[in-house]
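A short worksheet on the structure shown next.
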Amino acid sequence: MIIHVDMDAFYASVEMREQPGLAELPVIVGGSAQARGVVAAANYAARKYGIHSAMPVAQASRLCPKLVRLPVRMALYVEVAKQIREIFHRYTPEIEPLSLDEAFLDVTASERLFGDAVSIGHKIKNDIARELSLVASVGIAPSKFVAKIASDIDKPDGFVVIRADEVQAFLDPLPIGRLWGVGKVTGTEFERLGIHTVRQVRQQPLEALQYRFGKFGEQIWNLAQGIDPRKVMTDSRAKSISNETTFAVDISDRNLLRNYLLELTEQVAFRLRQQGFYARTVQIKLRFSDFKTITRSMSLAAHTQTTQELWKVARGLLDKALDGKARAIRLLGIGAGNLSRQTGVTEQADLFSSHEQAKQREIDQLADDIRNRFGAVSIRRGAGHHNKV
């Protein structure tokens, strides 16, 4: 069985833990309205007003004039995420982080020590609540796809178990939007066909979905059958380290996309350094509002784990992919591949001088030290410049 742990309104929940007086107030974490900031997280009180992540802060403030806005304190969230990961490691080394606030865990080999997956799921949830004063929602199922839905279906404070013989009954009544990759445009296409639920997708001939949606049609059909053979992939076994986010609403603002890509890059670079990896290839992934998905990649002259070097390449790939066009994006991701345990020896003169490389390594080391020791300190990089921190 696979466990998916997803922290409830993570950034906002951490802030409310630090300031208990905010518990009953509508709270968001994000940039300022004047700087065209976006909502990074919203607590459940704020969500009642229709506020969600990726929404412009100015719009959120109009929906809820009494909204409390707090700045993003990424170093704090990284420190708390590390503490959560340490709890996971008590029960299994088979951990695949998806972001700071969610991860898949394969506990098959741990059941003799700690009981079955349900018992382990309860232990993890209780440890997080008792030690960190935070709430996690947990989904347990035979596959990653079903476990992820299970963790989300009863939020907040959810705990849902779907056993092998219950998978189809669980999936069938769900709206098709629950299938990975089915967004607004694809959902509208299904509605035109009179298909609204997973059961109706499952009942379609595979060939019909392939004809209309191509390779994606086969993926949808398999998921509707509960077929997802992917294994939990730990960082230590991964051929690449990546992170991506799907926006609640499509985003076309170039600056907002850069801000999100920078945050994703920081998380990937931090994971590289934590695992002792250096990457030679940077890849970004874009999914547009019409569901067309593209990837763009570039190889560096030498392996690196420096945030700013990865960011310079990632930003260049983003700008080139968009090519001056204001296209609406629903998913954005970055991956660092071609991994090595050793840094490259080739001078990267086109990116940094030796002095600048040393400076960037010092900045990363300082940032990591702060994250590991003083999580409450805030460090933010600016997305608007290639080489400024």
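Chains: A, B, ... in order of the structure tokens. Residues: from 1 per chain. Ligands: from 1, in order shown.
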
Could you give me, as JSON lines, a per-residue list for segment 106-149 of chain A showing, wherever an atom lies at most 12 Å from an atom of segment 163-176 of chain A, the closest pair of atoms and their distance in Å to one decimal, using only C-alpha atoms and sorting by chain then residue number from low to high?
```
{"residue": "A:Ala117", "atom": "CA", "partner": "A:Arg163", "partner_atom": "CA", "distance": 10.6}
{"residue": "A:Val118", "atom": "CA", "partner": "A:Arg163", "partner_atom": "CA", "distance": 10.3}
{"residue": "A:Gly139", "atom": "CA", "partner": "A:Arg163", "partner_atom": "CA", "distance": 10.8}
{"residue": "A:Ile140", "atom": "CA", "partner": "A:Arg163", "partner_atom": "CA", "distance": 7.9}
{"residue": "A:Ala141", "atom": "CA", "partner": "A:Arg163", "partner_atom": "CA", "distance": 5.8}
{"residue": "A:Pro142", "atom": "CA", "partner": "A:Ala164", "partner_atom": "CA", "distance": 6.0}
{"residue": "A:Ser143", "atom": "CA", "partner": "A:Ala164", "partner_atom": "CA", "distance": 9.0}
{"residue": "A:Lys144", "atom": "CA", "partner": "A:Val167", "partner_atom": "CA", "distance": 12.0}
{"residue": "A:Phe145", "atom": "CA", "partner": "A:Leu171", "partner_atom": "CA", "distance": 10.5}
{"residue": "A:Val146", "atom": "CA", "partner": "A:Val167", "partner_atom": "CA", "distance": 7.5}
{"residue": "A:Ala147", "atom": "CA", "partner": "A:Val167", "partner_atom": "CA", "distance": 10.0}
{"residue": "A:Ile149", "atom": "CA", "partner": "A:Leu171", "partner_atom": "CA", "distance": 9.1}
```

Prev. selection, C-alpha atoms, output as a PDB file, in the first residue's frame:
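Wrote selection.pdb, looks like this:
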```
ATOM      1  CA  ALA A 117      -0.296   0.834   6.246  1.00  0.00           C
ATOM      2  CA  VAL A 118      -3.371   2.139   8.070  1.00  0.00           C
ATOM      3  CA  GLY A 139      -4.731   8.893   1.752  1.00  0.00           C
ATOM      4  CA  ILE A 140      -3.876   5.184   1.602  1.00  0.00           C
ATOM      5  CA  ALA A 141      -4.392   3.077  -1.510  1.00  0.00           C
ATOM      6  CA  PRO A 142      -2.725   0.475  -3.740  1.00  0.00           C
ATOM      7  CA  SER A 143      -1.498   3.147  -6.227  1.00  0.00           C
ATOM      8  CA  LYS A 144      -0.115   6.662  -6.176  1.00  0.00           C
ATOM      9  CA  PHE A 145      -2.991   8.067  -8.222  1.00  0.00           C
ATOM     10  CA  VAL A 146      -5.712   6.739  -5.928  1.00  0.00           C
ATOM     11  CA  ALA A 147      -3.774   7.583  -2.751  1.00  0.00           C
ATOM     12  CA  ILE A 149      -7.158  11.532  -4.505  1.00  0.00           C
TER      13      ILE A 149
END
```

Could you make a table, as a Markdown table, of the residues of segment 77-107 of chain A that have an atom within 12 Å of an atom of segment 217-230 of chain A, each with its nearest atom pair and distance in Å to one decimal, counting only C-alpha atoms, in chain and number order?
```
| residue | atom | partner | partner_atom | distance |
| --- | --- | --- | --- | --- |
| A:Glu96 | CA | A:Arg230 | CA | 11.5 |
| A:Phe104 | CA | A:Arg230 | CA | 11.3 |
| A:Asp106 | CA | A:Arg230 | CA | 11.4 |
```

Residues of segment 159-275 of chain A at most 9 Å from segment 295-312 of chain A: nearest atom pair and distance in Å, only C-alpha atoms, as a Markdown table:
```
| residue | atom | partner | partner_atom | distance |
| --- | --- | --- | --- | --- |
| A:Leu261 | CA | A:Trp311 | CA | 8.2 |
| A:Leu262 | CA | A:Trp311 | CA | 6.5 |
| A:Thr265 | CA | A:Trp311 | CA | 6.2 |
| A:Glu266 | CA | A:Thr307 | CA | 6.0 |
| A:Gln267 | CA | A:Thr307 | CA | 9.0 |
| A:Val268 | CA | A:Thr307 | CA | 8.4 |
| A:Ala269 | CA | A:Thr307 | CA | 5.4 |
| A:Phe270 | CA | A:Thr307 | CA | 7.7 |
| A:Leu272 | CA | A:Gln305 | CA | 6.1 |
| A:Arg273 | CA | A:Gln305 | CA | 6.2 |
```

Atomic distance atom CA of Leu76 of chain A - atom CA of Leu105 of chain A, expressed in Å with one decimal: 23.4 Å

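Of the listed residues (A:Val39, A:Ile3, A:Leu132, A:Ile284), A:Val39 comes nearest to Gln59 of chain A; the distances count only C-alpha atoms.
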
Ser13 of chain A surroundings by only C-alpha atoms, 7 Å radius, close-in-sequence under 3 positions cut, as a short mmCIF file (atom, residue, chain, number, x, y, z; two decimals) with C-alpha atoms, in the first residue's frame:
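In the end it all went to out.cif:
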```
data_model
loop_
_atom_site.label_atom_id
_atom_site.label_comp_id
_atom_site.auth_asym_id
_atom_site.auth_seq_id
_atom_site.Cartn_x
_atom_site.Cartn_y
_atom_site.Cartn_z
CA ALA A 9 -3.01 24.79 3.84
CA PHE A 10 0.66 24.34 4.70
CA MET A 16 -1.22 30.36 12.28
CA ARG A 17 0.77 28.04 14.49
CA ASN A 43 -6.38 29.01 5.08
CA LEU A 134 0.02 20.89 12.25
#
```

Pick from A:Ala81, A:Ile251, A:Ala279, A:Val160 nearest to Pro97 of chain A, counting only C-alpha atoms: A:Ala81

Who sits within 9 Å of Pro156 of chain A, only C-alpha atoms, same chain under 2 positions skipped, as number ranges by chain: A: 7-9, 44, 135-137, 152-154, 158

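Neighbouring residues of Glu86 of chain A at 12 Å or closer, counting only C-alpha atoms and skipping chain neighbours under 3 positions away, are Glu79, Val80, Ala81, Lys82, Gln83, His89, Arg90, Tyr91, Thr92, Pro93, Ile95, Ile124, Asp127, Ile128, Glu131 and Leu132 of chain A.
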
Can you write out the residues you just picked, keeping C-alpha atoms, as a PDB file, in the first residue's frame?
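Generated file (out-v5.pdb):
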```
ATOM      1  CA  GLU A  79      12.584  23.934   8.054  1.00  0.00           C
ATOM      2  CA  VAL A  80       9.138  22.612   8.996  1.00  0.00           C
ATOM      3  CA  ALA A  81       9.096  20.421   5.875  1.00  0.00           C
ATOM      4  CA  LYS A  82      12.403  18.943   6.987  1.00  0.00           C
ATOM      5  CA  GLN A  83      10.875  18.096  10.384  1.00  0.00           C
ATOM      6  CA  HIS A  89      11.834   8.490   7.917  1.00  0.00           C
ATOM      7  CA  ARG A  90      10.904   6.912  11.246  1.00  0.00           C
ATOM      8  CA  TYR A  91       8.617   4.564   9.350  1.00  0.00           C
ATOM      9  CA  THR A  92      10.125   4.100   5.882  1.00  0.00           C
ATOM     10  CA  PRO A  93      13.056   5.226   3.716  1.00  0.00           C
ATOM     11  CA  ILE A  95       9.744   8.551   0.341  1.00  0.00           C
ATOM     12  CA  ILE A 124       2.459   9.666  11.034  1.00  0.00           C
ATOM     13  CA  ASP A 127       3.184  12.471  15.246  1.00  0.00           C
ATOM     14  CA  ILE A 128       2.812  15.541  13.021  1.00  0.00           C
ATOM     15  CA  GLU A 131       5.108  17.331  17.669  1.00  0.00           C
ATOM     16  CA  LEU A 132       4.534  20.088  15.098  1.00  0.00           C
TER      17      LEU A 132
END
```

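Atom CA of Val161 of chain A is found 26.9 Å from atom CA of Ile195 of chain A.
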
Test item: residues at most 6 Å from Glu102 of chain A, only C-alpha atoms, excluding those fewer than 2 positions along its chain, as a list in words: Val5, Asp6, Leu98 and Ser99 of chain A

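Those residues in segment 242-296 of chain A carrying a DSSP assignment of strand (DSSP E or B), computed from the backbone, are Ser242, Asn243, Glu244, Thr245, Thr246, Phe247, Ala248, Val249, Asp250, Ile251, Tyr278, Ala279, Arg280, Thr281, Val282, Gln283, Ile284, Lys285, Leu286, Arg287, Phe288, Thr293, Ile294, Thr295 and Arg296 of chain A.
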
Go ahead and write the selection's residues with N, CA and C atoms as a PDB file, in the first residue's frame.
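Below is the file that was written, out-v8.pdb:
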```
ATOM      1  N   SER A 242      12.748  16.864  -9.499  1.00  0.00           N
ATOM      2  CA  SER A 242      11.865  17.844 -10.129  1.00  0.00           C
ATOM      3  C   SER A 242      10.765  18.279  -9.185  1.00  0.00           C
ATOM      4  N   ASN A 243      10.110  19.332  -9.575  1.00  0.00           N
ATOM      5  CA  ASN A 243       8.962  19.835  -8.827  1.00  0.00           C
ATOM      6  C   ASN A 243       8.075  20.574  -9.806  1.00  0.00           C
ATOM      7  N   GLU A 244       6.777  20.478  -9.630  1.00  0.00           N
ATOM      8  CA  GLU A 244       5.850  21.175 -10.508  1.00  0.00           C
ATOM      9  C   GLU A 244       4.618  21.583  -9.731  1.00  0.00           C
ATOM     10  N   THR A 245       3.879  22.513 -10.279  1.00  0.00           N
ATOM     11  CA  THR A 245       2.647  22.963  -9.639  1.00  0.00           C
ATOM     12  C   THR A 245       1.581  23.176 -10.695  1.00  0.00           C
ATOM     13  N   THR A 246       0.367  22.786 -10.368  1.00  0.00           N
ATOM     14  CA  THR A 246      -0.788  23.046 -11.230  1.00  0.00           C
ATOM     15  C   THR A 246      -1.583  24.177 -10.616  1.00  0.00           C
ATOM     16  N   PHE A 247      -1.827  25.210 -11.380  1.00  0.00           N
ATOM     17  CA  PHE A 247      -2.500  26.393 -10.866  1.00  0.00           C
ATOM     18  C   PHE A 247      -4.008  26.179 -10.804  1.00  0.00           C
ATOM     19  N   ALA A 248      -4.624  26.766  -9.788  1.00  0.00           N
ATOM     20  CA  ALA A 248      -6.080  26.678  -9.665  1.00  0.00           C
ATOM     21  C   ALA A 248      -6.760  27.397 -10.817  1.00  0.00           C
ATOM     22  N   VAL A 249      -6.152  28.470 -11.296  1.00  0.00           N
ATOM     23  CA  VAL A 249      -6.621  29.176 -12.491  1.00  0.00           C
ATOM     24  C   VAL A 249      -5.415  29.383 -13.401  1.00  0.00           C
ATOM     25  N   ASP A 250      -5.653  29.388 -14.699  1.00  0.00           N
ATOM     26  CA  ASP A 250      -4.555  29.564 -15.643  1.00  0.00           C
ATOM     27  C   ASP A 250      -3.909  30.931 -15.471  1.00  0.00           C
ATOM     28  N   ILE A 251      -2.583  30.984 -15.667  1.00  0.00           N
ATOM     29  CA  ILE A 251      -1.829  32.222 -15.491  1.00  0.00           C
ATOM     30  C   ILE A 251      -1.123  32.567 -16.800  1.00  0.00           C
ATOM     31  N   TYR A 278      24.662  16.842  -8.017  1.00  0.00           N
ATOM     32  CA  TYR A 278      24.902  17.957  -8.930  1.00  0.00           C
ATOM     33  C   TYR A 278      24.203  17.620 -10.247  1.00  0.00           C
ATOM     34  N   ALA A 279      23.620  18.612 -10.886  1.00  0.00           N
ATOM     35  CA  ALA A 279      22.866  18.383 -12.113  1.00  0.00           C
ATOM     36  C   ALA A 279      23.558  19.026 -13.305  1.00  0.00           C
ATOM     37  N   ARG A 280      23.442  18.387 -14.453  1.00  0.00           N
ATOM     38  CA  ARG A 280      24.034  18.919 -15.678  1.00  0.00           C
ATOM     39  C   ARG A 280      22.956  19.463 -16.619  1.00  0.00           C
ATOM     40  N   THR A 281      21.716  18.986 -16.457  1.00  0.00           N
ATOM     41  CA  THR A 281      20.640  19.356 -17.374  1.00  0.00           C
ATOM     42  C   THR A 281      19.490  20.004 -16.611  1.00  0.00           C
ATOM     43  N   VAL A 282      18.968  21.077 -17.150  1.00  0.00           N
ATOM     44  CA  VAL A 282      17.792  21.750 -16.602  1.00  0.00           C
ATOM     45  C   VAL A 282      16.656  21.607 -17.614  1.00  0.00           C
ATOM     46  N   GLN A 283      15.502  21.214 -17.123  1.00  0.00           N
ATOM     47  CA  GLN A 283      14.333  21.069 -17.988  1.00  0.00           C
ATOM     48  C   GLN A 283      13.132  21.753 -17.353  1.00  0.00           C
ATOM     49  N   ILE A 284      12.363  22.475 -18.148  1.00  0.00           N
ATOM     50  CA  ILE A 284      11.107  23.028 -17.665  1.00  0.00           C
ATOM     51  C   ILE A 284       9.953  22.359 -18.394  1.00  0.00           C
ATOM     52  N   LYS A 285       8.822  22.360 -17.749  1.00  0.00           N
ATOM     53  CA  LYS A 285       7.620  21.754 -18.310  1.00  0.00           C
ATOM     54  C   LYS A 285       6.495  22.772 -18.251  1.00  0.00           C
ATOM     55  N   LEU A 286       5.798  22.932 -19.348  1.00  0.00           N
ATOM     56  CA  LEU A 286       4.671  23.867 -19.424  1.00  0.00           C
ATOM     57  C   LEU A 286       3.456  23.130 -19.959  1.00  0.00           C
ATOM     58  N   ARG A 287       2.339  23.323 -19.306  1.00  0.00           N
ATOM     59  CA  ARG A 287       1.067  22.821 -19.833  1.00  0.00           C
ATOM     60  C   ARG A 287       0.152  24.022 -20.037  1.00  0.00           C
ATOM     61  N   PHE A 288      -0.301  24.199 -21.260  1.00  0.00           N
ATOM     62  CA  PHE A 288      -1.108  25.357 -21.607  1.00  0.00           C
ATOM     63  C   PHE A 288      -2.583  25.094 -21.331  1.00  0.00           C
ATOM     64  N   THR A 293       1.157  20.154 -23.833  1.00  0.00           N
ATOM     65  CA  THR A 293       2.260  20.127 -22.880  1.00  0.00           C
ATOM     66  C   THR A 293       3.582  20.101 -23.625  1.00  0.00           C
ATOM     67  N   ILE A 294       4.494  20.968 -23.229  1.00  0.00           N
ATOM     68  CA  ILE A 294       5.806  21.005 -23.848  1.00  0.00           C
ATOM     69  C   ILE A 294       6.887  20.950 -22.777  1.00  0.00           C
ATOM     70  N   THR A 295       8.053  20.478 -23.159  1.00  0.00           N
ATOM     71  CA  THR A 295       9.229  20.535 -22.292  1.00  0.00           C
ATOM     72  C   THR A 295      10.353  21.208 -23.072  1.00  0.00           C
ATOM     73  N   ARG A 296      11.184  21.923 -22.347  1.00  0.00           N
ATOM     74  CA  ARG A 296      12.353  22.558 -22.936  1.00  0.00           C
ATOM     75  C   ARG A 296      13.532  22.294 -22.006  1.00  0.00           C
TER      76      ARG A 296
END
```

Those of segment 67-251 of chain A in DSSP helix (DSSP H, G or I), formatted as number ranges by chain: A: 74-89, 108-114, 117-132, 144-153, 164-171, 176-178, 184-192, 198-202, 206-213, 215-224

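Compared by their closest atoms to Asp157 of chain A, and using only C-alpha atoms, the residues A:Ile28, A:Arg315, A:Gly115, A:His122 rank with A:His122 nearest.
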
Å distance separating atom CA of Arg69 of chain A from atom CA of Lys155 of chain A, one decimal place: 22.7 Å
